[in-house]
$ cat final_9.cif   # mmCIF, C-alpha atoms
data_run
#
loop_
_atom_site.label_atom_id
_atom_site.label_comp_id
_atom_site.auth_asym_id
_atom_site.auth_seq_id
_atom_site.Cartn_x
_atom_site.Cartn_y
_atom_site.Cartn_z
CA MET E 25 39.46 -85.17 -190.14
CA ALA E 26 42.63 -87.16 -190.80
CA ALA E 27 44.07 -85.97 -187.48
CA SER E 28 40.95 -87.05 -185.57
CA ARG E 29 41.05 -90.48 -187.21
CA LYS E 30 44.71 -90.83 -186.26
CA ALA E 31 43.95 -89.85 -182.65
CA ALA E 32 41.07 -92.31 -182.53
CA SER E 33 43.38 -95.14 -183.66
CA ALA E 34 46.22 -94.36 -181.23
CA PRO E 35 46.77 -96.89 -178.39
CA LEU E 36 45.19 -95.98 -175.06
CA GLN E 37 46.38 -96.78 -171.55
CA ALA E 38 43.53 -98.55 -169.77
CA PHE E 39 42.23 -100.59 -166.86
CA VAL E 40 39.18 -102.88 -166.99
CA LEU E 41 36.61 -101.62 -164.48
CA HIS E 42 33.85 -104.11 -165.26
CA ARG E 43 32.91 -106.78 -167.79
CA TYR E 44 29.59 -108.20 -168.95
CA ASP E 45 28.78 -111.25 -171.05
CA TRP E 46 27.55 -110.15 -174.47
CA SER E 47 27.27 -113.50 -176.20
CA GLU E 48 28.71 -116.98 -175.82
CA THR E 49 32.07 -115.74 -177.05
CA SER E 50 32.21 -111.96 -176.51
CA LEU E 51 32.31 -109.38 -173.70
CA ILE E 52 31.25 -105.80 -173.12
CA LEU E 53 33.87 -103.94 -171.11
CA GLU E 54 33.85 -100.74 -169.10
CA LEU E 55 37.35 -99.30 -169.49
CA PHE E 56 39.03 -96.48 -167.61
CA THR E 57 41.50 -94.91 -170.03
CA ARG E 58 44.03 -92.20 -169.32
CA GLU E 59 43.51 -90.37 -172.59
CA ARG E 60 39.73 -90.53 -173.06
CA GLY E 61 38.22 -91.36 -169.70
CA ARG E 62 35.61 -94.06 -169.20
CA LEU E 63 34.66 -95.97 -172.34
CA VAL E 64 32.43 -98.89 -173.26
CA VAL E 65 33.86 -101.39 -175.73
CA VAL E 66 32.96 -104.74 -177.24
CA ALA E 67 35.63 -107.44 -177.12
CA LYS E 68 34.61 -109.92 -179.80
CA GLY E 69 35.71 -113.48 -179.20
CA ALA E 70 37.34 -112.63 -175.87
CA LYS E 71 35.68 -115.59 -174.10
CA ARG E 72 37.02 -118.17 -176.52
CA PRO E 73 39.47 -120.55 -174.80
CA TYR E 74 42.38 -119.64 -177.05
CA SER E 75 41.66 -115.94 -177.46
CA GLN E 76 44.74 -113.76 -176.93
CA LEU E 77 42.46 -111.26 -175.18
CA ARG E 78 41.30 -113.72 -172.52
CA PRO E 79 44.33 -113.51 -170.16
CA VAL E 80 44.80 -109.77 -170.75
CA LEU E 81 41.38 -108.29 -169.98
CA LEU E 82 41.54 -108.72 -166.21
CA PRO E 83 40.71 -106.24 -163.45
CA PHE E 84 43.58 -104.23 -161.94
CA GLN E 85 45.92 -105.08 -164.81
CA ARG E 86 47.20 -102.18 -166.88
CA VAL E 87 46.78 -102.69 -170.63
CA ASN E 88 47.30 -100.80 -173.85
CA VAL E 89 44.25 -100.98 -176.10
CA LEU E 90 43.47 -100.05 -179.67
CA LEU E 91 39.84 -99.18 -180.42
CA GLY E 92 37.70 -98.63 -183.48
CA ARG E 93 34.06 -97.80 -184.26
CA PRO E 94 31.60 -100.02 -186.10
CA PRO E 95 31.85 -99.39 -189.86
CA GLY E 96 29.54 -96.58 -190.98
CA ASP E 97 28.69 -95.52 -187.41
CA GLU E 98 31.14 -92.80 -186.42
CA ALA E 99 28.80 -91.52 -183.68
CA ALA E 100 28.53 -94.87 -181.88
CA GLU E 101 29.20 -94.67 -178.16
CA VAL E 102 30.13 -98.34 -177.90
CA GLN E 103 33.41 -99.03 -179.66
CA LEU E 104 35.16 -102.15 -180.86
CA LEU E 105 38.22 -103.47 -179.08
CA ARG E 106 40.72 -104.24 -181.82
CA THR E 107 43.76 -105.18 -179.72
CA ALA E 108 44.77 -105.27 -176.05
CA GLU E 109 48.28 -105.85 -174.75
CA TRP E 110 49.62 -106.24 -171.25
CA ALA E 111 51.44 -103.03 -170.26
CA GLY E 112 53.80 -104.55 -167.73
CA GLY E 113 53.71 -105.28 -164.02
CA VAL E 114 51.58 -107.92 -162.36
CA PRO E 115 48.08 -107.76 -160.91
CA CYS E 116 48.78 -106.72 -157.32
CA VAL E 117 45.28 -106.88 -155.84
CA ALA E 118 44.21 -110.25 -154.48
CA GLY E 119 42.52 -111.88 -151.51
CA ALA E 120 40.72 -109.54 -149.12
CA ALA E 121 42.15 -106.51 -150.97
CA LEU E 122 39.92 -107.38 -153.92
CA PHE E 123 37.02 -105.74 -152.06
CA SER E 124 38.93 -102.46 -151.90
CA GLY E 125 39.91 -102.69 -155.55
CA PHE E 126 36.39 -103.34 -156.72
CA TYR E 127 35.18 -100.54 -154.44
CA LEU E 128 37.41 -98.10 -156.33
CA ASN E 129 36.14 -99.48 -159.64
CA GLU E 130 32.54 -99.03 -158.58
CA LEU E 131 33.16 -95.44 -157.51
CA LEU E 132 34.68 -94.65 -160.91
CA LEU E 133 31.78 -96.31 -162.73
CA LYS E 134 29.15 -94.40 -160.79
CA LEU E 135 30.78 -90.97 -160.45
CA LEU E 136 32.63 -90.45 -163.73
CA ALA E 137 30.83 -89.46 -166.91
CA ARG E 138 31.78 -91.39 -170.02
CA GLN E 139 34.37 -89.93 -172.36
CA ASP E 140 35.51 -87.35 -169.80
CA PRO E 141 39.32 -87.70 -169.39
CA HIS E 142 40.88 -87.52 -165.92
CA PRO E 143 44.59 -88.32 -166.39
CA THR E 144 45.48 -87.27 -162.83
CA LEU E 145 42.85 -89.63 -161.45
CA PHE E 146 44.03 -92.42 -163.76
CA ASP E 147 47.60 -92.06 -162.49
CA ALA E 148 46.37 -92.00 -158.89
CA TYR E 149 44.35 -95.18 -159.48
CA ALA E 150 47.42 -96.93 -160.92
CA HIS E 151 49.54 -95.88 -157.91
CA THR E 152 46.84 -96.72 -155.35
CA LEU E 153 46.38 -100.35 -156.42
CA PRO E 154 49.78 -101.51 -155.08
CA SER E 155 48.93 -99.91 -151.74
CA LEU E 156 45.96 -102.27 -151.40
CA ALA E 157 47.98 -105.48 -151.75
CA GLY E 158 47.88 -107.83 -148.79
CA THR E 159 45.92 -107.39 -145.58
CA GLU E 160 44.25 -104.18 -144.50
CA THR E 161 46.63 -101.80 -142.75
CA PRO E 162 46.44 -98.16 -141.67
CA ALA E 163 48.48 -97.30 -144.78
CA SER E 164 46.11 -99.13 -147.15
CA THR E 165 43.11 -97.47 -145.49
CA ALA E 166 44.77 -94.07 -145.89
CA ALA E 167 45.36 -94.86 -149.58
CA LEU E 168 41.62 -95.43 -150.03
CA ARG E 169 40.79 -92.15 -148.30
CA ALA E 170 43.32 -90.30 -150.47
CA PHE E 171 41.76 -91.70 -153.63
CA GLU E 172 38.26 -90.78 -152.47
CA LEU E 173 39.39 -87.20 -151.83
CA LEU E 174 41.08 -86.95 -155.21
CA LEU E 175 38.02 -88.37 -156.94
CA LEU E 176 35.79 -85.78 -155.26
CA GLN E 177 38.23 -83.02 -156.17
CA GLN E 178 38.60 -84.10 -159.80
CA THR E 179 34.83 -84.30 -160.27
CA GLY E 180 34.42 -80.78 -158.88
CA VAL E 181 32.40 -81.51 -155.74
CA LEU E 182 35.04 -81.14 -153.02
CA PRO E 183 35.03 -77.75 -151.26
CA GLU E 184 38.22 -75.92 -150.31
CA LEU E 185 39.61 -77.54 -147.19
CA ASP E 186 41.65 -74.65 -145.79
CA ARG E 187 38.70 -72.53 -144.63
CA VAL E 188 35.17 -72.70 -143.29
CA SER E 189 32.96 -72.82 -146.39
CA HIS E 190 30.20 -70.51 -145.15
CA THR E 191 32.28 -67.75 -143.54
CA LEU E 192 35.62 -68.26 -145.35
CA ALA E 193 37.29 -68.08 -141.95
CA PRO E 194 40.69 -69.82 -141.79
CA LEU E 195 40.87 -73.10 -139.91
CA ALA E 196 42.21 -73.22 -136.38
CA PRO E 197 44.71 -76.12 -136.26
CA ALA E 198 43.44 -77.56 -132.96
CA ALA E 199 39.69 -77.08 -133.61
CA GLY E 200 37.44 -79.76 -135.08
CA TYR E 201 35.66 -79.47 -138.43
CA SER E 202 33.30 -81.69 -140.40
CA LEU E 203 32.73 -82.04 -144.12
CA GLN E 204 29.01 -81.65 -144.80
CA ALA E 205 27.39 -82.41 -148.15
CA GLU E 206 25.26 -79.27 -148.37
CA HIS E 207 27.36 -76.86 -146.31
CA GLY E 208 30.96 -77.74 -147.11
CA LEU E 209 33.55 -77.61 -144.33
CA ALA E 210 31.95 -76.48 -141.07
CA ALA E 211 33.06 -76.08 -137.47
CA GLY E 212 32.12 -78.94 -135.15
CA GLY E 213 29.67 -81.54 -136.35
CA ALA E 214 29.74 -85.31 -136.04
CA ASP E 215 33.13 -87.04 -135.98
CA PRO E 216 35.12 -83.83 -136.52
CA VAL E 217 38.65 -83.85 -137.93
CA GLU E 218 41.24 -81.42 -136.57
CA GLY E 219 41.97 -78.31 -138.58
CA ARG E 220 45.66 -79.21 -138.90
CA ALA E 221 44.68 -82.47 -140.62
CA TRP E 222 42.39 -80.68 -143.07
CA LEU E 223 45.16 -78.19 -143.82
CA ALA E 224 47.58 -81.03 -144.57
CA VAL E 225 45.02 -82.64 -146.89
CA HIS E 226 44.43 -79.30 -148.61
CA ALA E 227 48.16 -78.70 -149.13
CA ALA E 228 48.69 -82.18 -150.59
CA LEU E 229 45.75 -81.80 -152.97
CA ALA E 230 46.95 -78.36 -154.07
CA ALA E 231 50.44 -79.74 -154.74
CA GLY E 232 49.11 -82.78 -156.60
CA ASP E 233 51.22 -85.02 -154.32
CA LEU E 234 49.50 -88.38 -153.84
CA GLY E 235 52.11 -89.64 -151.36
CA ALA E 236 51.69 -86.57 -149.18
CA LEU E 237 47.92 -86.92 -149.44
CA GLN E 238 48.10 -90.50 -148.18
CA VAL E 239 50.27 -89.38 -145.25
CA ALA E 240 47.79 -86.59 -144.45
CA CYS E 241 44.91 -89.07 -144.50
CA LEU E 242 46.85 -91.39 -142.20
CA GLY E 243 47.00 -88.60 -139.62
CA ALA E 244 43.39 -87.52 -139.96
CA GLY E 245 41.87 -90.29 -137.86
CA PRO E 246 38.68 -92.34 -138.31
CA GLY E 247 36.47 -89.27 -138.64
CA LEU E 248 37.73 -88.73 -142.19
CA ARG E 249 36.42 -92.10 -143.33
CA LEU E 250 32.94 -91.45 -141.97
CA GLN E 251 32.72 -87.97 -143.45
CA LEU E 252 33.94 -89.03 -146.89
CA ARG E 253 31.52 -91.96 -146.90
CA SER E 254 28.64 -89.56 -146.19
CA LEU E 255 29.75 -87.10 -148.87
CA LEU E 256 30.22 -89.82 -151.48
CA GLN E 257 26.79 -91.27 -150.74
CA TYR E 258 25.26 -87.81 -151.15
CA HIS E 259 26.72 -87.49 -154.64
CA LEU E 260 25.86 -91.08 -155.53
CA GLY E 261 22.21 -90.28 -154.81
CA HIS E 262 20.11 -93.44 -154.63
CA ALA E 263 22.83 -95.58 -156.16
CA VAL E 264 23.91 -98.40 -153.85
CA LEU E 265 27.53 -99.52 -153.75
CA ARG E 266 27.37 -103.26 -154.27
CA THR E 267 30.92 -103.82 -153.02
CA ARG E 268 30.08 -102.22 -149.67
CA GLN E 269 27.04 -104.47 -149.29
CA VAL E 270 29.07 -107.58 -150.07
CA MET E 271 31.80 -106.55 -147.60
CA LEU E 272 29.21 -106.12 -144.83
CA GLU E 273 27.62 -109.49 -145.65
CA VAL E 274 31.00 -111.23 -145.56
CA GLN E 275 31.83 -109.55 -142.24
CA ARG E 276 28.52 -110.70 -140.76
CA LEU E 277 29.21 -114.27 -141.86
CA MET E 278 32.69 -114.15 -140.34
CA ASP E 279 31.31 -112.80 -137.05
CA THR E 280 28.53 -115.41 -136.81
CA PRO E 281 29.40 -118.20 -134.32
CA ARG E 282 29.55 -121.66 -135.86
#
$ encode --input "final_9.cif" --output "structure tokens"
Amino acid sequence: MAASRKAASAPLQAFVLHRYDWSETSLILELFTRERGRLVVVAKGAKRPYSQLRPVLLPFQRVNVLLGRPPGDEAAEVQLLRTAEWAGGVPCVAGAALFSGFYLNELLLKLLARQDPHPTLFDAYAHTLPSLAGTETPASTAALRAFELLLLQQTGVLPELDRVSHTLAPLAPAAGYSLQAEHGLAAGGADPVEGRAWLAVHAALAAGDLGALQVACLGAGPGLRLQLRSLLQYHLGHAVLRTRQVMLEVQRLMDTPR
């Protein structure tokens, strides 16, 4: 019991995924922590002008947090935020890249169960954010695809990418294959990706090498984006990604003649 209390009071590495107003002075936060996964916490007084929490609890900024449970309620799912400290670095996502950052946050909120740790995914999130800084480039797009693949793998819904799922036949490097929600990796299909690209993605995932995964995604072409979008939507069910809707609305406004 003493050990569990000590573990519960240890600082956690965290990012703020989302925040809600709770009262005139307080916030409810959705945190992504390395040690304990996604958590919901109450930050009392965080909205006060002189609160020390106010400049710390920002999206895309790594923080160390100390949590506690309401007195007499050890089973409470919502915990109290006792302290939060900046963990170094500077928020690197701004401008147009904010859409990509919030897109990652929304995926984590909708696809990760609460209190289910994913340290590998946490580290990948922390390393992906700097790749999104500035304007959209092929490298930043590849970083998004790499994170989507890792998220699907870490949540157990990504099939093996070195063989045809139904027949277990090895991939032919020059042939095209598509990732289908109900059938796994299949020959042909819409917007196919070459076998050599799938094999590079598979090798990078197996090695746990995020940099190599980003390079593999860079060489996979636009078909990878379309296939991952379809697979993610399948696992999201009826949930709608708000960030994607906002991005499309902004694009329509920008394309509308004045």
$ atom_distance --input "final_9.cif" --atom1 "atom CA of E:Arg43" --atom2 "atom CA of E:Pro154"
21.8 Å
$ atom_distance --input "final_9.cif" --atom1 "atom CA of E:Arg62" --atom2 "atom CA of E:Leu105"
13.9 Å
$ residues_around --input "final_9.cif" --residues "E:Trp46" --least-positions-apart "2" --cutoff "12 Å" --atoms "all atoms listed in the file" --output "list in words"
Arg43, Tyr44, Glu48, Thr49, Ser50, Leu51, Ile52, Leu53, Val65, Val66, Ala67, Lys68, Gly69, Ala70 and Lys71 of chain E
$ closest_residue --input "final_9.cif" --among "E:His151, E:Arg78, E:Arg249, E:Lys134" --to "E:Ala108" --atoms "only C-alpha atoms"
E:Arg78
$ residues_around --input "final_9.cif" --residues "E:Glu218" --least-positions-apart "3" --cutoff "6 Å" --atoms "all atoms listed in the file" --output "MDAnalysis selection string"
chainID E and resid 198:200 221
$ closest_residue --input "final_9.cif" --among "E:Gly125, E:Pro246, E:Pro162, E:Gly208" --to "E:Ser189" --atoms "all atoms listed in the file"
E:Gly208
$ residues_around --input "final_9.cif" --residues "E:Gln238" --least-positions-apart "6" --cutoff "8 Å" --atoms "only C-alpha atoms" --output "ChimeraX atom specification"
/E:163,166-167,169-170
$ write_last_selection --input "final_9.cif" --atoms "C-alpha atoms" --output "compact mmCIF listing (two decimals), in the frame of the given file"
# COMPACT_ATOMS: atom_id res chain seq x y z
CA ALA E 163 48.48 -97.30 -144.78
CA ALA E 166 44.77 -94.07 -145.89
CA ALA E 167 45.36 -94.86 -149.58
CA ARG E 169 40.79 -92.15 -148.30
CA ALA E 170 43.32 -90.30 -150.47
$ atom_distance --input "final_9.cif" --atom1 "atom CA of E:Asn88" --atom2 "atom CA of E:Gln103"
15.2 Å
$ resolve_selection --input "final_9.cif" --expression "the PyMOL selection byres ((chain E and resi 239) around 10)" --output "PyMOL selection string"
chain E and resi 163+166-167+170+224-225+228+234-238+240-244
$ closest_residue --input "final_9.cif" --among "E:Leu255, E:Val264, E:Ala34, E:Leu145" --to "E:Pro183" --atoms "all atoms listed in the file"
E:Leu255
$ residues_near_point --input "final_9.cif" --point "(45.2, -85.0, -164.0)" --cutoff "12 Å" --atoms "all atoms listed in the file" --output "list in words"
Arg58, Glu59, Arg60, Gly61, Asp140, Pro141, His142, Pro143, Thr144, Leu145, Phe146, Asp147, Ala148, Tyr149, Leu174, Leu175, Gln177, Gln178, Thr179, Leu229, Ala231, Gly232, Asp233 and Leu234 of chain E
